[in-house]
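*Asks:* Please read through the structure below; I'll follow up with questions.
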Amino acid sequence: MVSIEGVGKRYLLHHRPSSARYETLRDAVADAAAAPFRWFNGAPRAASATEDFWALRDVSFDVGRGEVVGIIGPNGAGKSTLLKILSRITDPTAGRITLHGRVASLLEVGTGFHPELSGRENIFLNGSILGMSRAEIVRKFDAIVTFAGVETFLDTPVKRFSSGMYVRLAFAVAAHLEPEVLVVDEVLAVGDIEFQQRSLGKMQEVSRGGRTVLFVSHNMAAINSLTTRTVLLDRGRMIFDGPTGEAIGRYVQLAGRATASVAFGRGAHSAVISAQLMDGDDQPTAQYTPGLPLRLEVVFETDGRPGLSLEMFLVDALQQKIAMASLHHFEGIVLPETPGRYRTTLDLQPVWLASGAYSIDVTTSIVNSSWDHYVDNAAALDVVLSNPGGRPWDFKHDFGYGAFALPCARVPEFVPEPHDGR
């Protein structure tokens with residue numbers, strides 16, 4: 001079990017005056033030698049400004065035995081700082097943490113490897129650093145080697161390993177620990193797809209074994225697959241603790257606000273200038289009510305190249321494309337061949353989207369060839385509640401029934417079907 005109570009971490013930042021030049025070692029030695037004379041003459045030294053920076057502030061939550069909890073948030077949110085405090089690498093400035101059982105941390109995969117030693121020797125070295133006994137390493141040695149897939153190169157110095165082999169071996173050693181609490185920071189971002197899948201499977205095996213796991217990652221698909229509860233941090237504070245699906249949705253909303261002012265750029269022949277979700281009164285909105293037409297207003301420019309089309313993709317919180325619309329492929333429409341800036345509104349068919357945060361990618365494309373100007377997250381889309389039957393239930397987050405509901409177009413008839421009684 002892990003109990004985090006009012007934890008905060010403060011750092012003292014020093015800011016040199018903007019007029020101060022970069023100081024070399026020789027400058028520092030000369031300054032130290034001149035300090036007594038400066039004090040004697042009463043000459044003040046240019047003081048550097050200091051600032052308190054709270055990497056974490058008043059973070060509190062509990063994690064029960066056998067629970068797997070995700071920790072997500074933008075860069076600088078305090079995720080790694082929290083894990084370092086949990087791993088006893090650094091102490092909190094405020095609050096306290098209570099840990100029951102042996103703790104193992106996978107914060108920087110490969111820490112403790114010696115490049116001149118072979119893979120075999122580094123397994124024993126790294127295992128010892130991570131707290132495994134020699135007997136434990138011997139018992140798990142074959143499983144570690146098989147998991148890493150480095151049997152052929154076991155007696156080769158790891159400095160000759162490829163980066164992928166190095167990371168696989170490092171993760172394999174750490175993944176075969178048997179702690180009561182496992183703290184993991186972004187280790188699934190390494191290796192190829194097949195190894196990432198095996199690593200995720202290993203993490204699931206650890207959680208099924210009744211061990212507590214705290215998992216930090218920017219891979220929302222991994223977070224969604226491995227955890228049912230997630231903590232969302234932003235600027236050092238905990239802003240949400242609850243179901244993983246809802247936490248991911250809020251994270252996407254944070255990311256959308258952070259990128260709202262980013263310039264769209266241009267393509268070779270065209271440019272998407274803006275994209276905005278519209279309501280039934282032609283007013284900009286970020287909310288979509290399921291069952292109503294999905295209306296997207298797009299402003300674009302074209303140099304008049306023939307055969308340009310306009311497309312959009314509906315993207316969920318895991319950054320998966322779940323639907324698309326294309327003027328050319330579905331409507332046979334191409335963009336104007338007269339150069340200029342144009343505004344158009346795409347009136348799409350009603351959809352019964354599950355509640356949550358979505359985004360819309362918009363692109364101009366060269367028909368049957370390639371995208372010309374692709375804009376990620378061109379518009380934000382938020383569905384608060386989706387209940388096709390008018391009942392207060394959420395078919396995705398409550399039951400895991402998918403991103404879309406498909407209401408019947410008409411009331412079905414129930415016609416008796418003859419059968420032989422079997």
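Chain labels A, B, ... are given in the sequence in which chains occur in the structure tokens; within each chain residues are numbered consecutively from 1, and ligands are likewise numbered from 1 in the order shown.
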Would you pick out the contacts of region 226-231 of chain A at 6 Å or less, using only C-alpha atoms, so that residues sharing its chain but fewer than 3 positions from it are not included, and give the list as a PyMOL selection string?
*Replies:* chain A and resi 68-71+222-223+240-244
*Asks:* Only C-alpha atoms, please: the residues just picked out, written as an mmCIF file, in the first residue's frame.
*Replies:*
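Below is the file that was written, part.cif:
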data_model
loop_
_atom_site.group_PDB
_atom_site.id
_atom_site.type_symbol
_atom_site.label_atom_id
_atom_site.label_comp_id
_atom_site.auth_asym_id
_atom_site.auth_seq_id
_atom_site.Cartn_x
_atom_site.Cartn_y
_atom_site.Cartn_z
ATOM 1 C CA VAL A 68 -2.440 -0.316 -10.681
ATOM 2 C CA VAL A 69 -2.609 3.479 -10.882
ATOM 3 C CA GLY A 70 -1.550 5.611 -13.838
ATOM 4 C CA ILE A 71 0.012 9.039 -13.421
ATOM 5 C CA ALA A 222 -0.742 1.847 -22.527
ATOM 6 C CA ILE A 223 -2.251 3.795 -19.625
ATOM 7 C CA PHE A 240 -8.026 14.712 -10.983
ATOM 8 C CA ASP A 241 -8.021 11.235 -9.431
ATOM 9 C CA GLY A 242 -10.508 8.772 -10.832
ATOM 10 C CA PRO A 243 -11.409 6.468 -13.751
ATOM 11 C CA THR A 244 -8.704 6.271 -16.403
#
*Asks:* Give one line per residue of region 326-350 of chain A that approaches region 364-387 of chain A to at most 9 Å, naming the two atoms of the closest pair and their distance in Å to one decimal, counting only C-alpha atoms; sort by chain then ascending residue number and deliver it as a Markdown table.
*Replies:*
| residue | atom | partner | partner_atom | distance |
| --- | --- | --- | --- | --- |
| A:His328 | CA | A:Val367 | CA | 7.4 |
| A:His329 | CA | A:Val367 | CA | 8.6 |
| A:Val334 | CA | A:Val367 | CA | 8.4 |
| A:Leu335 | CA | A:Thr364 | CA | 8.9 |
*Asks:* Which of region 234-324 of chain A end up as strand (DSSP E) when DSSP is run on this backbone - answer as a ChimeraX atom specification?
*Replies:* /A:234,237-243,270-278,294-302,308-315,321-324
*Asks:* Keeping C-alpha atoms, export the residues of the selection given above as a PDB file, in the first residue's frame.
*Replies:*
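Resulting contents of again11.pdb:
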ATOM      1  CA  ASP A 234      -0.672  19.772 -13.925  1.00  0.00           C
ATOM      2  CA  ARG A 237      -0.857  19.948  -8.458  1.00  0.00           C
ATOM      3  CA  MET A 238      -3.220  17.000  -8.620  1.00  0.00           C
ATOM      4  CA  ILE A 239      -6.291  18.072 -10.583  1.00  0.00           C
ATOM      5  CA  PHE A 240      -8.026  14.712 -10.983  1.00  0.00           C
ATOM      6  CA  ASP A 241      -8.021  11.235  -9.431  1.00  0.00           C
ATOM      7  CA  GLY A 242     -10.508   8.772 -10.832  1.00  0.00           C
ATOM      8  CA  PRO A 243     -11.409   6.468 -13.751  1.00  0.00           C
ATOM      9  CA  SER A 270      -2.904  25.043 -49.793  1.00  0.00           C
ATOM     10  CA  ALA A 271      -3.319  25.934 -46.146  1.00  0.00           C
ATOM     11  CA  VAL A 272      -5.921  25.195 -43.504  1.00  0.00           C
ATOM     12  CA  ILE A 273      -6.334  28.587 -41.810  1.00  0.00           C
ATOM     13  CA  SER A 274      -8.851  27.682 -39.107  1.00  0.00           C
ATOM     14  CA  ALA A 275     -11.369  25.026 -38.095  1.00  0.00           C
ATOM     15  CA  GLN A 276     -14.235  25.528 -35.654  1.00  0.00           C
ATOM     16  CA  LEU A 277     -17.090  23.381 -34.439  1.00  0.00           C
ATOM     17  CA  MET A 278     -20.428  25.177 -34.924  1.00  0.00           C
ATOM     18  CA  LEU A 294     -21.756  17.516 -36.695  1.00  0.00           C
ATOM     19  CA  ARG A 295     -20.960  20.916 -38.211  1.00  0.00           C
ATOM     20  CA  LEU A 296     -17.375  22.007 -38.830  1.00  0.00           C
ATOM     21  CA  GLU A 297     -16.511  25.386 -40.337  1.00  0.00           C
ATOM     22  CA  VAL A 298     -13.160  25.420 -42.166  1.00  0.00           C
ATOM     23  CA  VAL A 299     -11.289  28.382 -43.631  1.00  0.00           C
ATOM     24  CA  PHE A 300      -8.620  27.442 -46.157  1.00  0.00           C
ATOM     25  CA  GLU A 301      -6.454  28.891 -48.914  1.00  0.00           C
ATOM     26  CA  THR A 302      -5.560  27.328 -52.246  1.00  0.00           C
ATOM     27  CA  LEU A 308      -7.333  19.247 -54.139  1.00  0.00           C
ATOM     28  CA  SER A 309      -9.783  17.854 -51.595  1.00  0.00           C
ATOM     29  CA  LEU A 310     -10.703  18.578 -47.974  1.00  0.00           C
ATOM     30  CA  GLU A 311     -10.803  15.846 -45.330  1.00  0.00           C
ATOM     31  CA  MET A 312     -11.274  15.568 -41.571  1.00  0.00           C
ATOM     32  CA  PHE A 313     -10.553  12.853 -39.030  1.00  0.00           C
ATOM     33  CA  LEU A 314     -12.276  12.387 -35.687  1.00  0.00           C
ATOM     34  CA  VAL A 315      -9.633  11.470 -33.089  1.00  0.00           C
ATOM     35  CA  LYS A 321      -8.531   7.994 -35.665  1.00  0.00           C
ATOM     36  CA  ILE A 322     -12.059   6.622 -35.250  1.00  0.00           C
ATOM     37  CA  ALA A 323     -13.880   8.249 -38.198  1.00  0.00           C
ATOM     38  CA  MET A 324     -13.184  10.313 -41.294  1.00  0.00           C
TER      39      MET A 324
END
*Asks:* Identify which of the residues A:Val173, A:Val158, A:Ile360, A:Val2 lies closest to Gly131 (chain A), counting only C-alpha atoms when measuring atom-to-atom distances.
*Replies:*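 Selected residue with least distance to Gly131 (chain A): A:Val173.
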*Asks:* What's the separation between CA of Ile72 (chain A) and CA of Glu5 (chain A), in Å to one decimal place?
*Replies:*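 Going from CA of Ile72 (chain A) over to CA of Glu5 (chain A), I get 18.7 Å.
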*Asks:* Which residues of region 123-193 of chain A come within 10 Å of region 205-209 of chain A, and for each one, what is the closest pair of atoms and their distance in Å to one decimal, counting only C-alpha atoms, sorted by chain and residue number, as JSON lines?
*Replies:*
{"residue": "A:Ala175", "atom": "CA", "partner": "A:Val206", "partner_atom": "CA", "distance": 8.7}
{"residue": "A:His176", "atom": "CA", "partner": "A:Val206", "partner_atom": "CA", "distance": 9.2}
{"residue": "A:Leu177", "atom": "CA", "partner": "A:Val206", "partner_atom": "CA", "distance": 9.5}
{"residue": "A:Glu178", "atom": "CA", "partner": "A:Val206", "partner_atom": "CA", "distance": 8.3}
{"residue": "A:Pro179", "atom": "CA", "partner": "A:Val206", "partner_atom": "CA", "distance": 9.3}
{"residue": "A:Glu180", "atom": "CA", "partner": "A:Gly209", "partner_atom": "CA", "distance": 9.6}
{"residue": "A:Val181", "atom": "CA", "partner": "A:Ser207", "partner_atom": "CA", "distance": 9.9}
{"residue": "A:Leu182", "atom": "CA", "partner": "A:Val206", "partner_atom": "CA", "distance": 8.6}
*Asks:* Using only C-alpha atoms, which of A:Ala172, A:Met203, A:Ala317, A:Ile129 sits nearest Asp142 (chain A)?
*Replies:*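 Checking each candidate against Asp142 (chain A), we get A:Ala172 as the closest.
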*Asks:* Please identify the alpha helix (DSSP H) residues within region 56-193 of chain A (assignment by DSSP from backbone atoms) and present them as a ChimeraX atom specification.
*Replies:* /A:79-86,119-129,134-148,163-175,193
*Asks:* Check the smallest atom-to-atom distance from each of A:Gly6, A:Asp282, A:Gly291, A:Ala357 to Tyr251 (chain A) using only C-alpha atoms, then report the winner.
*Replies:*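 Distance minimum relative to Tyr251 (chain A) lands on A:Ala357.
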*Asks:* Rounded to one decimal in Å, what is the spacing between CA of Lys202 (chain A) and CA of Gln320 (chain A)?
*Replies:*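 Answer for the CA of Lys202 (chain A) to CA of Gln320 (chain A) separation: 23.9 Å.
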